[in-house]
Structures are given as structure tokens and as C-alpha cells.
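What's in entry_28.cif: mmCIF, C-alpha atoms
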```cif
data_query
#
loop_
_atom_site.label_atom_id
_atom_site.label_comp_id
_atom_site.auth_asym_id
_atom_site.auth_seq_id
_atom_site.Cartn_x
_atom_site.Cartn_y
_atom_site.Cartn_z
CA MET V 18 0.00 0.00 0.00
CA LEU V 19 2.64 2.53 1.02
CA VAL V 20 5.41 1.53 -1.36
CA VAL V 21 3.10 1.69 -4.38
CA ARG V 22 1.84 5.05 -3.16
CA VAL V 23 5.39 6.41 -3.07
CA HIS V 24 6.38 4.56 -6.27
CA PRO V 25 3.30 4.63 -8.54
CA GLU V 26 5.23 2.94 -11.34
CA ILE V 27 5.06 -0.30 -9.31
CA LEU V 28 1.27 0.01 -9.17
CA ARG V 29 1.06 0.66 -12.91
CA ASP V 30 3.18 -2.45 -13.57
CA GLN V 31 0.82 -4.74 -11.63
CA GLY V 32 -1.43 -5.23 -14.63
CA LEU V 33 -4.54 -3.79 -13.01
CA PRO V 34 -7.35 -2.71 -15.33
CA THR V 35 -6.94 0.93 -16.37
CA GLU V 36 -10.21 1.98 -14.71
CA LEU V 37 -8.80 0.86 -11.33
CA LEU V 38 -5.73 3.08 -11.69
CA ASN V 39 -7.61 6.35 -11.31
CA GLU V 40 -5.23 8.50 -9.23
CA LYS V 41 -8.14 10.41 -7.68
CA SER V 42 -10.05 7.39 -6.39
CA ILE V 43 -7.67 4.45 -6.02
CA TRP V 44 -6.36 5.38 -2.56
CA LYS V 45 -9.77 6.34 -1.25
CA GLU V 46 -11.11 2.97 -2.44
CA ARG V 47 -8.21 1.03 -0.97
CA TYR V 48 -8.54 2.80 2.38
CA ARG V 49 -12.28 2.07 2.30
CA SER V 50 -11.49 -1.63 1.73
CA ILE V 51 -9.25 -1.65 4.80
CA VAL V 52 -11.90 0.07 6.94
CA ASP V 53 -14.63 -2.26 5.66
CA LEU V 54 -12.59 -5.38 6.47
CA GLU V 55 -11.68 -4.11 9.92
CA GLU V 56 -15.30 -3.17 10.68
CA HIS V 57 -16.43 -6.64 9.54
CA LEU V 58 -13.89 -8.24 11.86
CA HIS V 59 -14.95 -5.94 14.72
CA ARG V 60 -18.64 -6.81 14.22
CA ASN V 61 -17.66 -10.46 14.47
CA GLY V 62 -15.81 -10.14 17.76
CA THR V 63 -12.21 -9.67 16.63
CA ARG V 64 -10.27 -7.06 18.58
CA ILE V 65 -7.86 -5.16 16.35
CA ILE V 66 -5.02 -3.05 17.70
CA LYS V 67 -3.19 -0.89 15.17
CA VAL V 68 0.14 0.56 16.24
CA PHE V 69 2.31 2.88 14.17
CA LEU V 70 5.84 3.09 15.54
CA HIS V 71 6.95 6.57 14.56
CA LEU V 72 10.71 6.74 14.10
CA SER V 73 12.47 10.02 13.36
CA LYS V 74 14.74 10.34 10.36
CA SER V 75 17.75 11.01 12.60
CA GLU V 76 17.05 7.90 14.71
CA GLN V 77 16.65 5.82 11.57
CA ARG V 78 20.09 7.04 10.46
CA LYS V 79 21.60 6.05 13.84
CA ARG V 80 20.09 2.59 13.60
CA PHE V 81 21.31 2.13 10.03
CA LEU V 82 24.85 3.11 11.05
CA LYS V 83 24.68 0.65 13.95
CA ARG V 84 23.62 -2.08 11.54
CA ILE V 85 26.63 -1.32 9.35
CA ASP V 86 29.10 -1.03 12.25
CA GLN V 87 28.04 -4.13 14.19
CA PRO V 88 28.73 -7.36 12.27
CA ASP V 89 25.90 -9.22 14.05
CA LYS V 90 23.46 -6.59 12.74
CA ASN V 91 24.73 -6.48 9.13
CA TRP V 92 22.00 -8.84 8.01
CA LYS V 93 19.40 -6.18 8.92
CA PHE V 94 20.78 -3.65 6.46
CA SER V 95 20.35 -3.31 2.71
CA LEU V 96 21.46 -0.70 0.20
CA ALA V 97 17.76 -0.47 -0.72
CA ASP V 98 17.22 1.11 2.73
CA VAL V 99 19.45 4.03 1.72
CA HIS V 100 17.63 4.39 -1.59
CA GLU V 101 14.19 4.43 0.06
CA ARG V 102 15.39 6.93 2.66
CA LYS V 103 15.53 9.51 -0.13
CA PHE V 104 11.72 9.30 -0.24
CA TRP V 105 11.27 10.02 3.49
CA ARG V 106 8.89 12.95 2.99
CA HIS V 107 6.79 10.95 0.51
CA TYR V 108 6.53 8.06 2.96
CA MET V 109 5.54 10.41 5.79
CA ASP V 110 2.77 11.86 3.59
CA ALA V 111 1.61 8.36 2.63
CA TYR V 112 1.58 7.26 6.27
CA LYS V 113 -0.32 10.38 7.31
CA ASP V 114 -2.98 9.85 4.63
CA CYS V 115 -3.32 6.16 5.43
CA LEU V 116 -3.51 6.67 9.20
CA ASN V 117 -6.09 9.44 8.86
CA ALA V 118 -8.21 7.47 6.39
CA THR V 119 -8.17 4.17 8.28
CA THR V 120 -8.59 5.21 11.90
CA THR V 121 -12.14 4.72 13.15
CA HIS V 122 -14.04 5.01 16.42
CA HIS V 123 -13.85 1.25 17.04
CA ILE V 124 -10.40 0.72 15.57
CA PRO V 125 -8.12 3.71 16.07
CA TRP V 126 -4.44 3.94 15.29
CA TYR V 127 -2.06 4.31 18.20
CA ILE V 128 0.87 6.44 17.07
CA VAL V 129 3.82 5.63 19.31
CA PRO V 130 7.06 7.62 19.34
CA ALA V 131 9.70 4.95 18.73
CA ASP V 132 13.08 6.68 18.94
CA ASP V 133 13.41 5.36 22.49
CA LYS V 134 12.88 1.60 22.16
CA ASP V 135 12.30 0.97 25.87
CA ASN V 136 9.59 3.61 26.15
CA ALA V 137 8.01 2.51 22.87
CA ARG V 138 7.82 -1.05 24.19
CA LEU V 139 6.27 0.17 27.45
CA ILE V 140 3.66 2.20 25.59
CA VAL V 141 2.75 -0.69 23.27
CA SER V 142 2.61 -3.08 26.22
CA GLN V 143 0.18 -0.75 28.00
CA ILE V 144 -1.99 -0.51 24.88
CA VAL V 145 -2.15 -4.31 24.67
CA LEU V 146 -2.83 -4.67 28.42
CA ASP V 147 -5.64 -2.11 28.24
CA ALA V 148 -7.18 -3.95 25.28
CA LEU V 149 -7.00 -7.26 27.12
CA LYS V 150 -8.58 -5.69 30.20
CA ASP V 151 -11.42 -4.33 28.05
CA LEU V 152 -12.20 -7.90 26.95
CA LYS V 153 -13.25 -8.66 30.54
CA MET V 154 -12.11 -12.25 30.21
CA ALA V 155 -12.86 -14.69 33.01
CA TYR V 156 -13.22 -18.39 33.49
CA PRO V 157 -16.85 -19.49 33.28
CA LYS V 158 -18.64 -19.89 36.61
CA THR V 159 -19.56 -23.43 37.55
CA THR V 160 -23.20 -23.87 38.47
CA SER V 161 -24.42 -26.24 41.18
CA LYS V 162 -25.98 -28.38 38.44
CA ARG V 163 -22.60 -28.64 36.70
CA ARG V 164 -20.85 -29.50 40.00
CA ARG V 165 -23.32 -32.38 40.53
CA GLU V 166 -22.69 -33.52 36.98
CA LEU V 167 -18.91 -33.44 37.51
CA LYS V 168 -19.30 -35.36 40.79
CA ALA V 169 -21.23 -38.06 38.96
CA ILE V 170 -18.57 -38.25 36.28
CA ARG V 171 -15.89 -38.41 38.96
CA ASN V 172 -17.60 -41.43 40.50
CA GLN V 173 -17.52 -43.16 37.12
CA LEU V 174 -13.78 -42.70 36.86
#
```

If you took the structure in this file and wrote it as C-alpha cells, what would it be?
Amino acid sequence: MLVVRVHPEILRDQGLPTELLNEKSIWKERYRSIVDLEEHLHRNGTRIIKVFLHLSKSEQRKRFLKRIDQPDKNWKFSLADVHERKFWRHYMDAYKDCLNATTTHHIPWYIVPADDKDNARLIVSQIVLDALKDLKMAYPKTTSKRRRELKAIRNQL
């Protein structure tokens, strides 16, 4: 979604019918598809948590340099990362449009500052804990009828 927004030539090369490549409507329609799917899942009892880890450009640079300098992190780095970094502003615009278009009352985006990994992890953990708490999960209560039934089964064992 985001890469083809920043690099429309990729979208054009996907072989989609021309009428689906309308620059004015394609993103609105794709965002609508995301919202529709998420609303369907919500209506059917699925809890969705959407987290955007917002990393600054300067922090990204630090992490890239660390990946280059530390041999055990070399596998995380690609020259393509440097190439895509040139499109930072375009990606930020694409993220902004996507986040705004796909956040809803039932399924909002949580935008978490991620330059500080420890704090980002704490924030995300709290979001997940709050969501779990909202589910009000509990073991089912055993009725007296069920206890008698279990006692009878116990006697058979």
C-alpha cells in the first residue's frame, strides 16, 4: 500500500485494469477496503489493535549506522534502505494519509514515538494490556448443576 503510493510505477506495472488506476479514487477505495474489512472483523468479535511506531529520520540514520558497524546486525541492512530513505517525505505523507483514512471510532491507530525503544515497548505493552482488560475475560462460573454432573462423572472414573 505505502510503497506503491510512493512509487506509482510499481502500481502501474501490476497489470490492473486501467479503470482501477484512477489516481483520484484508487487510494480512497483502498482505504475504504481496509476500513470495511476491519469493521467486519470488529462486528464479528475480533479485537484489532493498530500501532504505528513513529521513528524520526535522525534515529533511523543512527540505527542504520549501527547495523553497518556491528557485524551481528549487518543482516538487517540493505542498500535499498538508503535508496528508500531519499523518499522520506513521501513516505511520511503516505503514512499520514493512510492513518487518517483508516482510523475509526472502534479501531483507532495508536501512534507511538519509537526513537526510544524501551519507552516505545512500554507504551505498546500498556496498549495491549488495556485492550486485554477491556475484553473482561474470566473463566466461566460453575453452576451447582454442573458441579453435581462433575461429581457423577468423577464417581464413574

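Closest approach to His59 (chain V) from the set V:Lys153, V:Lys168, V:His123, V:Arg138 is made by V:His123, with distances taken over only C-alpha atoms.
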
So which residues touch region 102-104 of chain V within 10 Å, counting only C-alpha atoms, skipping near sequence neighbours fewer than 2 positions away, as a list in words?
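My reading of the contact set: Val23, His24, Lys74, Gln77, Arg78, Ala97, Asp98, Val99, His100, Arg106, His107, Tyr108 and Met109 of chain V.
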
How about saving the chosen residues, C-alpha atoms kept, as a JSON list (two decimals), in the frame of the given file?
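Result file part-v8.json:
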```json
[["chain", "number", "residue", "atom", "x", "y", "z"],
["V", 23, "VAL", "CA", 5.39, 6.41, -3.07],
["V", 24, "HIS", "CA", 6.38, 4.56, -6.27],
["V", 74, "LYS", "CA", 14.74, 10.34, 10.36],
["V", 77, "GLN", "CA", 16.65, 5.82, 11.57],
["V", 78, "ARG", "CA", 20.09, 7.04, 10.46],
["V", 97, "ALA", "CA", 17.76, -0.47, -0.72],
["V", 98, "ASP", "CA", 17.22, 1.11, 2.73],
["V", 99, "VAL", "CA", 19.45, 4.03, 1.72],
["V", 100, "HIS", "CA", 17.63, 4.39, -1.59],
["V", 106, "ARG", "CA", 8.89, 12.95, 2.99],
["V", 107, "HIS", "CA", 6.79, 10.95, 0.51],
["V", 108, "TYR", "CA", 6.53, 8.06, 2.96],
["V", 109, "MET", "CA", 5.54, 10.41, 5.79]]
```

Can you write out as a Markdown table which residues of region 35-143 of chain V fall within 12 Å of region 149-152 of chain V, alongside each residue's closest atom pair and its distance in Å to one decimal, counting all atoms listed in the file and ordering rows by chain and ascending residue number?
```
| residue | atom | partner | partner_atom | distance |
| --- | --- | --- | --- | --- |
| V:Gly62 | CA | V:Leu152 | CA | 10.1 |
| V:Thr63 | CA | V:Leu152 | CA | 10.5 |
| V:Arg64 | CA | V:Leu152 | CA | 8.6 |
| V:Ile65 | CA | V:Leu149 | CA | 11.0 |
| V:Ile66 | CA | V:Leu149 | CA | 10.5 |
| V:Ser142 | CA | V:Leu149 | CA | 10.5 |
| V:Gln143 | CA | V:Leu149 | CA | 9.7 |
```

If I take CA of Leu146 (chain V) and CA of Lys113 (chain V), how far is one from the other in Å, to one decimal?
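Atom-to-atom, CA of Leu146 (chain V) to CA of Lys113 (chain V), that is 26.0 Å.
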
Run the PyMOL selection byres ((chain V and resi 130) around 10) on the file and write out the hits as a VMD selection string.
chain V and resid 69 to 73 127 to 129 131 to 134 136 to 138 140

Could you dump the residues just selected with C-alpha atoms as a short mmCIF file (atom, residue, chain, number, x, y, z; two decimals), in the frame of the given file?
```
data_model
loop_
_atom_site.label_atom_id
_atom_site.label_comp_id
_atom_site.auth_asym_id
_atom_site.auth_seq_id
_atom_site.Cartn_x
_atom_site.Cartn_y
_atom_site.Cartn_z
CA PHE V 69 2.31 2.88 14.17
CA LEU V 70 5.84 3.09 15.54
CA HIS V 71 6.95 6.57 14.56
CA LEU V 72 10.71 6.74 14.10
CA SER V 73 12.47 10.02 13.36
CA TYR V 127 -2.06 4.31 18.20
CA ILE V 128 0.87 6.44 17.07
CA VAL V 129 3.82 5.63 19.31
CA ALA V 131 9.70 4.95 18.73
CA ASP V 132 13.08 6.68 18.94
CA ASP V 133 13.41 5.36 22.49
CA LYS V 134 12.88 1.60 22.16
CA ASN V 136 9.59 3.61 26.15
CA ALA V 137 8.01 2.51 22.87
CA ARG V 138 7.82 -1.05 24.19
CA ILE V 140 3.66 2.20 25.59
#
```

So how many Å separate CA of Tyr48 (chain V) and CA of Ala118 (chain V), to one decimal?
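Separating CA of Tyr48 (chain V) from CA of Ala118 (chain V) is a distance of 6.2 Å.
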
Rank V:Glu36, V:Glu46, V:Glu56, V:Glu166 by their smallest atom-to-atom distance to His122 (chain V), using all atoms listed in the file, and report the top residue only.
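Looking at the shortest contact to His122 (chain V), the residue is V:Glu56.
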
Gap from CA of Asp114 (chain V) to CA of Arg47 (chain V) - Å, one decimal
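Distance reported for this atom pair: 11.7 Å.
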
N, CA, C and O atoms are what I want for region 98-114 of chain V; can you complete it accordingly and write them as a CSV table (one decimal), keeping the file's coordinate frame?
```
chain,number,residue,atom,x,y,z
V,98,ASP,N,17.6,0.2,1.6
V,98,ASP,CA,17.2,1.1,2.7
V,98,ASP,C,17.7,2.5,2.5
V,98,ASP,O,16.9,3.5,2.7
V,99,VAL,N,18.9,2.7,2.0
V,99,VAL,CA,19.4,4.0,1.7
V,99,VAL,C,18.7,4.7,0.6
V,99,VAL,O,18.3,5.9,0.6
V,100,HIS,N,18.4,3.9,-0.4
V,100,HIS,CA,17.6,4.4,-1.6
V,100,HIS,C,16.3,4.9,-1.2
V,100,HIS,O,15.8,6.0,-1.5
V,101,GLU,N,15.5,4.1,-0.4
V,101,GLU,CA,14.2,4.4,0.1
V,101,GLU,C,14.2,5.6,1.0
V,101,GLU,O,13.2,6.4,1.1
V,102,ARG,N,15.3,5.8,1.7
V,102,ARG,CA,15.4,6.9,2.7
V,102,ARG,C,15.3,8.3,1.9
V,102,ARG,O,14.8,9.3,2.5
V,103,LYS,N,15.6,8.3,0.7
V,103,LYS,CA,15.5,9.5,-0.1
V,103,LYS,C,14.1,9.9,-0.3
V,103,LYS,O,13.8,11.1,-0.7
V,104,PHE,N,13.2,9.0,-0.1
V,104,PHE,CA,11.7,9.3,-0.2
V,104,PHE,C,11.0,9.5,1.1
V,104,PHE,O,9.8,9.4,1.2
V,105,TRP,N,11.8,9.9,2.1
V,105,TRP,CA,11.3,10.0,3.5
V,105,TRP,C,10.0,10.9,3.5
V,105,TRP,O,9.0,10.4,4.1
V,106,ARG,N,10.0,12.0,3.0
V,106,ARG,CA,8.9,13.0,3.0
V,106,ARG,C,7.7,12.3,2.3
V,106,ARG,O,6.5,12.4,2.8
V,107,HIS,N,7.9,11.6,1.2
V,107,HIS,CA,6.8,11.0,0.5
V,107,HIS,C,6.2,9.8,1.4
V,107,HIS,O,4.9,9.7,1.4
V,108,TYR,N,7.0,9.1,2.1
V,108,TYR,CA,6.5,8.1,3.0
V,108,TYR,C,5.7,8.7,4.1
V,108,TYR,O,4.7,8.2,4.5
V,109,MET,N,6.2,9.8,4.7
V,109,MET,CA,5.5,10.4,5.8
V,109,MET,C,4.2,10.9,5.3
V,109,MET,O,3.2,10.7,6.1
V,110,ASP,N,4.1,11.4,4.1
V,110,ASP,CA,2.8,11.9,3.6
V,110,ASP,C,1.9,10.7,3.4
V,110,ASP,O,0.7,10.7,3.7
V,111,ALA,N,2.4,9.6,2.9
V,111,ALA,CA,1.6,8.4,2.6
V,111,ALA,C,1.1,7.8,3.9
V,111,ALA,O,0.0,7.4,4.1
V,112,TYR,N,2.0,7.7,4.9
V,112,TYR,CA,1.6,7.3,6.3
V,112,TYR,C,0.5,8.1,6.8
V,112,TYR,O,-0.5,7.6,7.3
V,113,LYS,N,0.7,9.4,6.8
V,113,LYS,CA,-0.3,10.4,7.3
V,113,LYS,C,-1.7,10.2,6.7
V,113,LYS,O,-2.7,10.0,7.3
V,114,ASP,N,-1.7,10.1,5.3
V,114,ASP,CA,-3.0,9.8,4.6
V,114,ASP,C,-3.6,8.5,5.0
V,114,ASP,O,-4.8,8.4,5.3
```
